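> Next comes my_file25.txt, compact mmCIF, C-alpha atoms:
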```
# COMPACT_ATOMS: atom_id res chain seq x y z
CA MET Z 1 45.02 39.19 35.82
CA GLY Z 2 41.41 39.94 36.68
CA ASN Z 3 39.33 37.26 38.37
CA TYR Z 4 37.30 36.46 35.27
CA LYS Z 5 40.49 36.14 33.18
CA THR Z 6 41.78 33.51 35.62
CA LYS Z 7 38.57 31.55 34.90
CA LEU Z 8 39.41 31.62 31.17
CA LEU Z 9 42.56 29.51 31.65
CA GLY Z 10 40.60 26.26 31.98
CA VAL Z 11 38.02 26.86 29.24
CA THR Z 12 37.57 24.00 26.75
CA THR Z 13 34.00 24.69 25.65
CA PHE Z 14 31.94 27.57 24.31
CA ILE Z 15 28.14 27.52 24.39
CA PHE Z 16 26.25 30.31 22.68
CA ASP Z 17 22.67 31.39 22.42
CA TYR Z 18 21.89 32.47 18.86
CA ASP Z 19 19.38 35.33 18.67
CA GLY Z 20 20.76 38.35 20.51
CA VAL Z 21 24.27 36.87 20.80
CA MET Z 22 25.33 35.64 17.36
CA THR Z 23 22.78 38.02 15.84
CA ASP Z 24 21.55 41.47 16.81
CA GLY Z 25 18.23 39.95 17.87
CA VAL Z 26 16.32 41.55 15.01
CA ILE Z 27 14.41 39.12 12.82
CA VAL Z 28 13.27 40.25 9.38
CA LEU Z 29 10.54 38.16 7.79
CA SER Z 30 10.85 37.38 4.08
CA ASN Z 31 7.80 37.41 1.79
CA ASP Z 32 7.29 33.69 2.42
CA GLY Z 33 7.58 34.12 6.19
CA GLU Z 34 11.14 32.83 6.57
CA PRO Z 35 12.81 34.60 9.52
CA LEU Z 36 16.05 36.19 8.30
CA ARG Z 37 18.92 37.10 10.62
CA THR Z 38 22.25 38.83 10.15
CA ALA Z 39 25.58 37.25 11.13
CA ASN Z 40 28.97 38.77 11.89
CA VAL Z 41 31.94 37.61 9.79
CA LYS Z 42 34.43 38.32 12.59
CA ASP Z 43 32.40 36.07 14.88
CA GLY Z 44 32.43 33.45 12.11
CA TYR Z 45 36.22 33.62 11.78
CA ALA Z 46 36.70 33.19 15.53
CA LEU Z 47 34.25 30.26 15.64
CA GLN Z 48 36.09 28.49 12.81
CA LEU Z 49 39.38 29.11 14.59
CA ILE Z 50 38.34 27.56 17.90
CA ARG Z 51 36.81 24.61 16.06
CA LYS Z 52 40.18 24.02 14.34
CA LEU Z 53 41.94 24.34 17.70
CA GLY Z 54 39.77 21.58 19.16
CA TYR Z 55 37.42 23.48 21.47
CA ASN Z 56 33.86 22.26 21.92
CA ILE Z 57 31.28 24.63 20.44
CA ALA Z 58 27.56 24.30 21.03
CA ILE Z 59 24.61 26.44 20.05
CA ILE Z 60 21.50 26.25 22.23
CA SER Z 61 18.64 28.33 20.84
CA GLY Z 62 14.91 28.58 21.27
CA GLY Z 63 14.74 29.75 17.67
CA PHE Z 64 14.63 27.60 14.58
CA ALA Z 65 14.97 28.39 10.90
CA PRO Z 66 16.64 26.58 7.98
CA SER Z 67 18.93 29.60 7.53
CA MET Z 68 20.29 29.09 11.05
CA GLN Z 69 21.26 25.49 10.29
CA LYS Z 70 22.89 26.60 7.02
CA ARG Z 71 25.04 29.08 8.96
CA PHE Z 72 26.23 26.36 11.35
CA ASP Z 73 26.86 23.96 8.47
CA ALA Z 74 29.01 26.62 6.78
CA LEU Z 75 31.02 27.03 10.01
CA ASN Z 76 31.22 23.23 10.53
CA ILE Z 77 29.55 23.54 13.92
CA THR Z 78 27.78 20.25 14.58
CA ASP Z 79 26.61 20.55 18.21
CA VAL Z 80 23.53 22.59 17.38
CA PHE Z 81 20.32 22.48 19.39
CA LEU Z 82 17.51 24.55 17.87
CA GLY Z 83 13.89 25.01 18.92
CA VAL Z 84 14.87 24.28 22.53
CA SER Z 85 12.28 25.03 25.21
CA ASP Z 86 14.38 23.87 28.21
CA LYS Z 87 17.93 25.10 27.72
CA LEU Z 88 19.13 23.81 31.09
CA GLN Z 89 18.17 20.24 30.20
CA VAL Z 90 20.12 20.48 26.93
CA TYR Z 91 23.08 22.11 28.75
CA GLU Z 92 23.20 19.31 31.35
CA GLN Z 93 22.91 16.57 28.70
CA TYR Z 94 25.65 18.17 26.56
CA LYS Z 95 27.91 18.48 29.59
CA ALA Z 96 27.35 14.81 30.46
CA ASP Z 97 27.83 13.62 26.85
CA LYS Z 98 31.14 15.48 26.55
CA GLY Z 99 32.35 14.69 30.10
CA LEU Z 100 32.64 18.38 30.97
CA THR Z 101 32.64 20.32 34.22
CA ASP Z 102 30.85 23.67 34.55
CA GLU Z 103 34.22 25.38 35.10
CA GLU Z 104 35.33 24.50 31.55
CA ILE Z 105 32.35 26.23 29.96
CA VAL Z 106 31.93 29.76 28.66
CA TYR Z 107 28.20 30.36 28.18
CA MET Z 108 27.17 33.54 26.38
CA GLY Z 109 23.51 34.44 26.56
CA ASP Z 110 21.51 37.64 26.42
CA ASP Z 111 18.07 37.09 27.93
CA VAL Z 112 16.02 35.29 30.58
CA PRO Z 113 15.88 31.89 28.77
CA ASP Z 114 19.68 31.67 29.24
CA TYR Z 115 19.61 32.53 32.95
CA ARG Z 116 19.60 29.02 34.46
CA CYS Z 117 22.39 27.78 32.17
CA MET Z 118 24.47 30.85 32.91
CA LYS Z 119 24.05 30.29 36.67
CA MET Z 120 25.61 26.83 36.15
CA ALA Z 121 28.41 27.71 33.71
CA GLY Z 122 31.85 28.51 35.08
CA VAL Z 123 32.20 31.57 32.84
CA PRO Z 124 28.82 33.24 32.21
CA THR Z 125 29.20 36.12 29.75
CA CYS Z 126 26.91 38.36 27.72
CA PRO Z 127 26.82 41.07 25.05
CA SER Z 128 26.61 44.72 26.11
CA ASP Z 129 22.91 44.91 25.21
CA ALA Z 130 21.83 41.87 27.26
CA ALA Z 131 18.92 42.01 29.69
CA GLU Z 132 19.78 43.46 33.10
CA GLU Z 133 19.11 40.12 34.85
CA ILE Z 134 21.72 38.50 32.61
CA LYS Z 135 24.26 41.28 33.10
CA ARG Z 136 23.99 40.85 36.87
CA ILE Z 137 25.07 37.18 36.75
CA SER Z 138 27.77 37.58 34.07
CA VAL Z 139 31.44 37.54 35.06
CA TYR Z 140 32.16 39.42 31.84
CA ILE Z 141 30.00 41.80 29.83
CA SER Z 142 31.40 42.31 26.33
CA HIS Z 143 31.83 45.86 25.06
CA TYR Z 144 30.11 44.64 21.88
CA LYS Z 145 26.40 44.17 21.26
CA GLY Z 146 24.84 40.91 20.13
CA GLY Z 147 25.59 40.26 16.45
CA HIS Z 148 28.30 42.93 16.47
CA GLY Z 149 31.38 41.01 17.62
CA CYS Z 150 30.65 39.87 21.19
CA VAL Z 151 31.29 36.23 20.20
CA ARG Z 152 34.67 37.13 18.69
CA ASP Z 153 35.43 39.21 21.80
CA ILE Z 154 35.06 36.37 24.32
CA ILE Z 155 36.77 33.84 22.03
CA GLU Z 156 39.72 36.17 21.51
CA GLN Z 157 40.04 36.75 25.25
CA VAL Z 158 40.12 33.02 26.01
CA LEU Z 159 42.71 32.38 23.30
CA LYS Z 160 44.90 35.27 24.47
CA VAL Z 161 44.85 34.10 28.11
CA GLN Z 162 45.66 30.54 26.95
CA GLY Z 163 48.46 31.74 24.63
CA LYS Z 164 46.70 30.57 21.45
CA TRP Z 165 45.88 33.90 19.77
CA MET Z 166 47.92 35.05 16.76
CA THR Z 167 50.09 31.95 16.59
CA ASP Z 168 51.29 30.62 13.24
CA THR Z 169 49.71 27.22 13.81
CA ALA Z 170 46.33 28.69 14.73
CA HIS Z 171 45.83 31.22 11.98
CA HIS Z 172 47.68 29.79 8.95
CA TRP Z 173 48.55 33.13 7.39
```
Translate this file's structure into structure tokens.


Amino acid sequence: MGNYKTKLLGVTTFIFDYDGVMTDGVIVLSNDGEPLRTANVKDGYALQLIRKLGYNIAIISGGFAPSMQKRFDALNITDVFLGVSDKLQVYEQYKADKGLTDEEIVYMGDDVPDYRCMKMAGVPTCPSDAAEEIKRISVYISHYKGGHGCVRDIIEQVLKVQGKWMTDTAHHW
């Protein structure tokens, strides 16, 4: 098993940036100025699955829009931090509140605002179209771009390594 896969064995927590990770990073403005983003249904399925399995999920984003909160409400993700200017401060507070160690955390980011958090996280990962500075510090670079399945990719890998992917109790098919 590759070195980064060994790190996945102890993961209990997933922290994601939003724009550029859960979306393709493109923001379309509606006529009234509301920023609109696309979301990936396969990412959504994987997020719901890990929530049901008891993993911690947090979103830390510099962006803010009502549509973003609606997406998290639909996925029942409650640890959502939007409009964040200092992601590392939020990361450290979340870690303390949940009693976590860095080694338990997968952090997926795509650009410079995620850099300091990713340097702390035990499993820093990124989409294939992340900034070069982020790729350099990632232990895993997804084959998928932001908004195109990179979230599902890292979740699936953790669940497979931990023996929780495609089990009757997890998927309820």

> Using all atoms listed in the file, which residues of range 29-59 of chain Z come within 9 Å of range 3-21 of chain Z, and what is the closest atom pair for each, with the distance in Å to one decimal? Give it as a tab-separated table, sorted by chain and residue number.


```
residue	atom	partner	partner_atom	distance
Z:Arg37	CA	Z:Asp19	CA	8.3
Z:Gly54	CA	Z:Thr12	CA	8.3
Z:Tyr55	CA	Z:Thr12	CA	5.3
Z:Asn56	CA	Z:Thr13	CA	4.5
Z:Ile57	CA	Z:Phe14	CA	4.9
Z:Ala58	CA	Z:Ile15	CA	4.7
Z:Ile59	CA	Z:Phe16	CA	5.0
```

> Considering all atoms listed in the file, can you say which of Z:Ala65, Z:Leu49, Z:Met22, Z:Met166 comes closest to Glu34 in chain Z?

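Looking at the shortest contact to Glu34 in chain Z, the residue is Z:Ala65.
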
> Could you give me, as a PyMOL selection string, the residues that sit within 12 Å of (16.1, 22.3, 24.7) in the file's coordinates, counting all atoms listed in the file?

chain Z and resi 17+59-64+80-94+113-114+117

> Show me a table, sorted first by chain and then by increasing residue number, of the residues of range 27-125 of chain Z having an atom at most 9 Å from range 149-156 of chain Z, each with its shortest atom pair and the distance in Å to one decimal, counting all atoms listed in the file and written as JSON lines.


```
{"residue": "Z:Asn40", "atom": "CA", "partner": "Z:Gly149", "partner_atom": "CA", "distance": 6.6}
{"residue": "Z:Val41", "atom": "CA", "partner": "Z:Gly149", "partner_atom": "CA", "distance": 8.6}
{"residue": "Z:Lys42", "atom": "CA", "partner": "Z:Arg152", "partner_atom": "CA", "distance": 6.2}
{"residue": "Z:Asp43", "atom": "CA", "partner": "Z:Arg152", "partner_atom": "CA", "distance": 4.6}
{"residue": "Z:Gly44", "atom": "CA", "partner": "Z:Arg152", "partner_atom": "CA", "distance": 7.9}
{"residue": "Z:Tyr45", "atom": "CA", "partner": "Z:Arg152", "partner_atom": "CA", "distance": 7.9}
{"residue": "Z:Ala46", "atom": "CA", "partner": "Z:Arg152", "partner_atom": "CA", "distance": 5.4}
{"residue": "Z:Leu47", "atom": "CA", "partner": "Z:Arg152", "partner_atom": "CA", "distance": 7.5}
{"residue": "Z:Ile50", "atom": "CA", "partner": "Z:Ile155", "partner_atom": "CA", "distance": 7.7}
{"residue": "Z:Val106", "atom": "CA", "partner": "Z:Ile154", "partner_atom": "CA", "distance": 8.5}
{"residue": "Z:Met108", "atom": "CA", "partner": "Z:Val151", "partner_atom": "CA", "distance": 7.9}
{"residue": "Z:Thr125", "atom": "CA", "partner": "Z:Ile154", "partner_atom": "CA", "distance": 8.0}
```

> List the spatial neighbours of Met120 in chain Z as an MDAnalysis selection string - criterion: any atom at most 9 Å away, only C-alpha atoms, same-chain residues fewer than 3 positions off excluded.

chainID Z and resid 88 102:103 115:117 123:124

> Between CA of Val26 in chain Z and CA of Met68 in chain Z, what is the distance, to one decimal in Å?

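For CA of Val26 in chain Z relative to CA of Met68 in chain Z, the distance reads 13.7 Å.
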
> Which is closest to Lys135 in chain Z among Z:Val158, Z:Ala121, Z:Lys98, Z:Gly109, if we use only C-alpha atoms?

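Among Z:Val158, Z:Ala121, Z:Lys98, Z:Gly109, it is Z:Gly109 that comes nearest to Lys135 in chain Z.
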
> Between Z:Gln162, Z:Asn76, Z:Pro66, Z:Cys126, single out the one closest to Tyr107 in chain Z, counting all atoms listed in the file.

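Using all atoms listed in the file, Tyr107 in chain Z sits closest to Z:Cys126.
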
> Calculate how many Å separate CA of His148 in chain Z from CA of Ala39 in chain Z, rounding to one decimal.

8.3 Å

> Please measure the separation of CA of Gly99 in chain Z and CA of Gln48 in chain Z, giving the value in Å to one decimal.

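These two atoms are separated by 22.4 Å.
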
> Compare Z:Leu100, Z:Leu36, Z:Ile27, Z:Val112 by their minimum atom-to-atom distance to Ala131 in chain Z, counting all atoms listed in the file, and give me the closest one.

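Among the listed residues, Z:Val112 lies closest to Ala131 in chain Z.
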
> Some atoms are missing, so please complete range 26-56 of chain Z with N, CA and C atoms and return it as a PDB file, keeping the file's coordinate frame.


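Written output follows (selection-v7.pdb):
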```
ATOM      1  N   VAL Z  26      17.374  41.084  15.909  1.00  0.00           N
ATOM      2  CA  VAL Z  26      16.320  41.550  15.010  1.00  0.00           C
ATOM      3  C   VAL Z  26      16.044  40.445  13.999  1.00  0.00           C
ATOM      4  N   ILE Z  27      14.786  40.131  13.813  1.00  0.00           N
ATOM      5  CA  ILE Z  27      14.410  39.120  12.820  1.00  0.00           C
ATOM      6  C   ILE Z  27      13.544  39.804  11.771  1.00  0.00           C
ATOM      7  N   VAL Z  28      14.000  39.706  10.518  1.00  0.00           N
ATOM      8  CA  VAL Z  28      13.270  40.250   9.380  1.00  0.00           C
ATOM      9  C   VAL Z  28      12.562  39.079   8.719  1.00  0.00           C
ATOM     10  N   LEU Z  29      11.285  39.237   8.430  1.00  0.00           N
ATOM     11  CA  LEU Z  29      10.540  38.160   7.790  1.00  0.00           C
ATOM     12  C   LEU Z  29      10.520  38.365   6.281  1.00  0.00           C
ATOM     13  N   SER Z  30      10.903  37.316   5.541  1.00  0.00           N
ATOM     14  CA  SER Z  30      10.850  37.380   4.080  1.00  0.00           C
ATOM     15  C   SER Z  30       9.396  37.294   3.632  1.00  0.00           C
ATOM     16  N   ASN Z  31       9.163  37.463   2.326  1.00  0.00           N
ATOM     17  CA  ASN Z  31       7.800  37.410   1.790  1.00  0.00           C
ATOM     18  C   ASN Z  31       7.114  36.084   2.079  1.00  0.00           C
ATOM     19  N   ASP Z  32       7.901  34.994   2.142  1.00  0.00           N
ATOM     20  CA  ASP Z  32       7.290  33.690   2.420  1.00  0.00           C
ATOM     21  C   ASP Z  32       7.290  33.342   3.903  1.00  0.00           C
ATOM     22  N   GLY Z  33       7.642  34.315   4.745  1.00  0.00           N
ATOM     23  CA  GLY Z  33       7.580  34.120   6.190  1.00  0.00           C
ATOM     24  C   GLY Z  33       8.828  33.568   6.824  1.00  0.00           C
ATOM     25  N   GLU Z  34       9.878  33.327   6.039  1.00  0.00           N
ATOM     26  CA  GLU Z  34      11.140  32.830   6.570  1.00  0.00           C
ATOM     27  C   GLU Z  34      11.796  33.923   7.425  1.00  0.00           C
ATOM     28  N   PRO Z  35      12.117  33.608   8.696  1.00  0.00           N
ATOM     29  CA  PRO Z  35      12.810  34.600   9.520  1.00  0.00           C
ATOM     30  C   PRO Z  35      14.272  34.728   9.096  1.00  0.00           C
ATOM     31  N   LEU Z  36      14.680  35.936   8.757  1.00  0.00           N
ATOM     32  CA  LEU Z  36      16.050  36.190   8.300  1.00  0.00           C
ATOM     33  C   LEU Z  36      16.817  36.930   9.390  1.00  0.00           C
ATOM     34  N   ARG Z  37      18.077  36.508   9.595  1.00  0.00           N
ATOM     35  CA  ARG Z  37      18.920  37.100  10.620  1.00  0.00           C
ATOM     36  C   ARG Z  37      20.243  37.499   9.996  1.00  0.00           C
ATOM     37  N   THR Z  38      20.919  38.452  10.614  1.00  0.00           N
ATOM     38  CA  THR Z  38      22.250  38.830  10.150  1.00  0.00           C
ATOM     39  C   THR Z  38      23.288  38.089  10.991  1.00  0.00           C
ATOM     40  N   ALA Z  39      24.484  37.900  10.423  1.00  0.00           N
ATOM     41  CA  ALA Z  39      25.580  37.250  11.130  1.00  0.00           C
ATOM     42  C   ALA Z  39      26.836  38.076  10.945  1.00  0.00           C
ATOM     43  N   ASN Z  40      27.752  37.970  11.895  1.00  0.00           N
ATOM     44  CA  ASN Z  40      28.970  38.770  11.890  1.00  0.00           C
ATOM     45  C   ASN Z  40      30.140  37.922  11.392  1.00  0.00           C
ATOM     46  N   VAL Z  41      30.848  38.404  10.355  1.00  0.00           N
ATOM     47  CA  VAL Z  41      31.940  37.610   9.790  1.00  0.00           C
ATOM     48  C   VAL Z  41      33.111  37.455  10.757  1.00  0.00           C
ATOM     49  N   LYS Z  42      33.343  38.441  11.607  1.00  0.00           N
ATOM     50  CA  LYS Z  42      34.430  38.320  12.590  1.00  0.00           C
ATOM     51  C   LYS Z  42      34.090  37.246  13.625  1.00  0.00           C
ATOM     52  N   ASP Z  43      32.832  37.169  14.018  1.00  0.00           N
ATOM     53  CA  ASP Z  43      32.400  36.070  14.880  1.00  0.00           C
ATOM     54  C   ASP Z  43      32.631  34.740  14.165  1.00  0.00           C
ATOM     55  N   GLY Z  44      32.273  34.682  12.889  1.00  0.00           N
ATOM     56  CA  GLY Z  44      32.430  33.450  12.110  1.00  0.00           C
ATOM     57  C   GLY Z  44      33.878  33.008  12.045  1.00  0.00           C
ATOM     58  N   TYR Z  45      34.794  33.957  11.819  1.00  0.00           N
ATOM     59  CA  TYR Z  45      36.220  33.620  11.780  1.00  0.00           C
ATOM     60  C   TYR Z  45      36.664  33.019  13.109  1.00  0.00           C
ATOM     61  N   ALA Z  46      36.281  33.657  14.204  1.00  0.00           N
ATOM     62  CA  ALA Z  46      36.700  33.190  15.530  1.00  0.00           C
ATOM     63  C   ALA Z  46      36.117  31.810  15.830  1.00  0.00           C
ATOM     64  N   LEU Z  47      34.875  31.564  15.432  1.00  0.00           N
ATOM     65  CA  LEU Z  47      34.250  30.260  15.640  1.00  0.00           C
ATOM     66  C   LEU Z  47      34.976  29.174  14.849  1.00  0.00           C
ATOM     67  N   GLN Z  48      35.342  29.455  13.604  1.00  0.00           N
ATOM     68  CA  GLN Z  48      36.090  28.490  12.810  1.00  0.00           C
ATOM     69  C   GLN Z  48      37.453  28.213  13.444  1.00  0.00           C
ATOM     70  N   LEU Z  49      38.066  29.253  13.974  1.00  0.00           N
ATOM     71  CA  LEU Z  49      39.380  29.110  14.590  1.00  0.00           C
ATOM     72  C   LEU Z  49      39.330  28.191  15.807  1.00  0.00           C
ATOM     73  N   ILE Z  50      38.377  28.417  16.706  1.00  0.00           N
ATOM     74  CA  ILE Z  50      38.340  27.560  17.900  1.00  0.00           C
ATOM     75  C   ILE Z  50      37.933  26.134  17.554  1.00  0.00           C
ATOM     76  N   ARG Z  51      37.143  25.968  16.510  1.00  0.00           N
ATOM     77  CA  ARG Z  51      36.810  24.610  16.060  1.00  0.00           C
ATOM     78  C   ARG Z  51      38.088  23.904  15.620  1.00  0.00           C
ATOM     79  N   LYS Z  52      38.911  24.595  14.814  1.00  0.00           N
ATOM     80  CA  LYS Z  52      40.180  24.020  14.340  1.00  0.00           C
ATOM     81  C   LYS Z  52      41.127  23.722  15.499  1.00  0.00           C
ATOM     82  N   LEU Z  53      41.060  24.527  16.550  1.00  0.00           N
ATOM     83  CA  LEU Z  53      41.940  24.340  17.700  1.00  0.00           C
ATOM     84  C   LEU Z  53      41.428  23.267  18.665  1.00  0.00           C
ATOM     85  N   GLY Z  54      40.256  22.709  18.382  1.00  0.00           N
ATOM     86  CA  GLY Z  54      39.770  21.580  19.160  1.00  0.00           C
ATOM     87  C   GLY Z  54      38.848  21.898  20.327  1.00  0.00           C
ATOM     88  N   TYR Z  55      38.387  23.138  20.418  1.00  0.00           N
ATOM     89  CA  TYR Z  55      37.420  23.480  21.470  1.00  0.00           C
ATOM     90  C   TYR Z  55      36.053  22.911  21.109  1.00  0.00           C
ATOM     91  N   ASN Z  56      35.260  22.615  22.130  1.00  0.00           N
ATOM     92  CA  ASN Z  56      33.860  22.260  21.920  1.00  0.00           C
ATOM     93  C   ASN Z  56      33.074  23.539  21.680  1.00  0.00           C
TER      94      ASN Z  56
END
```
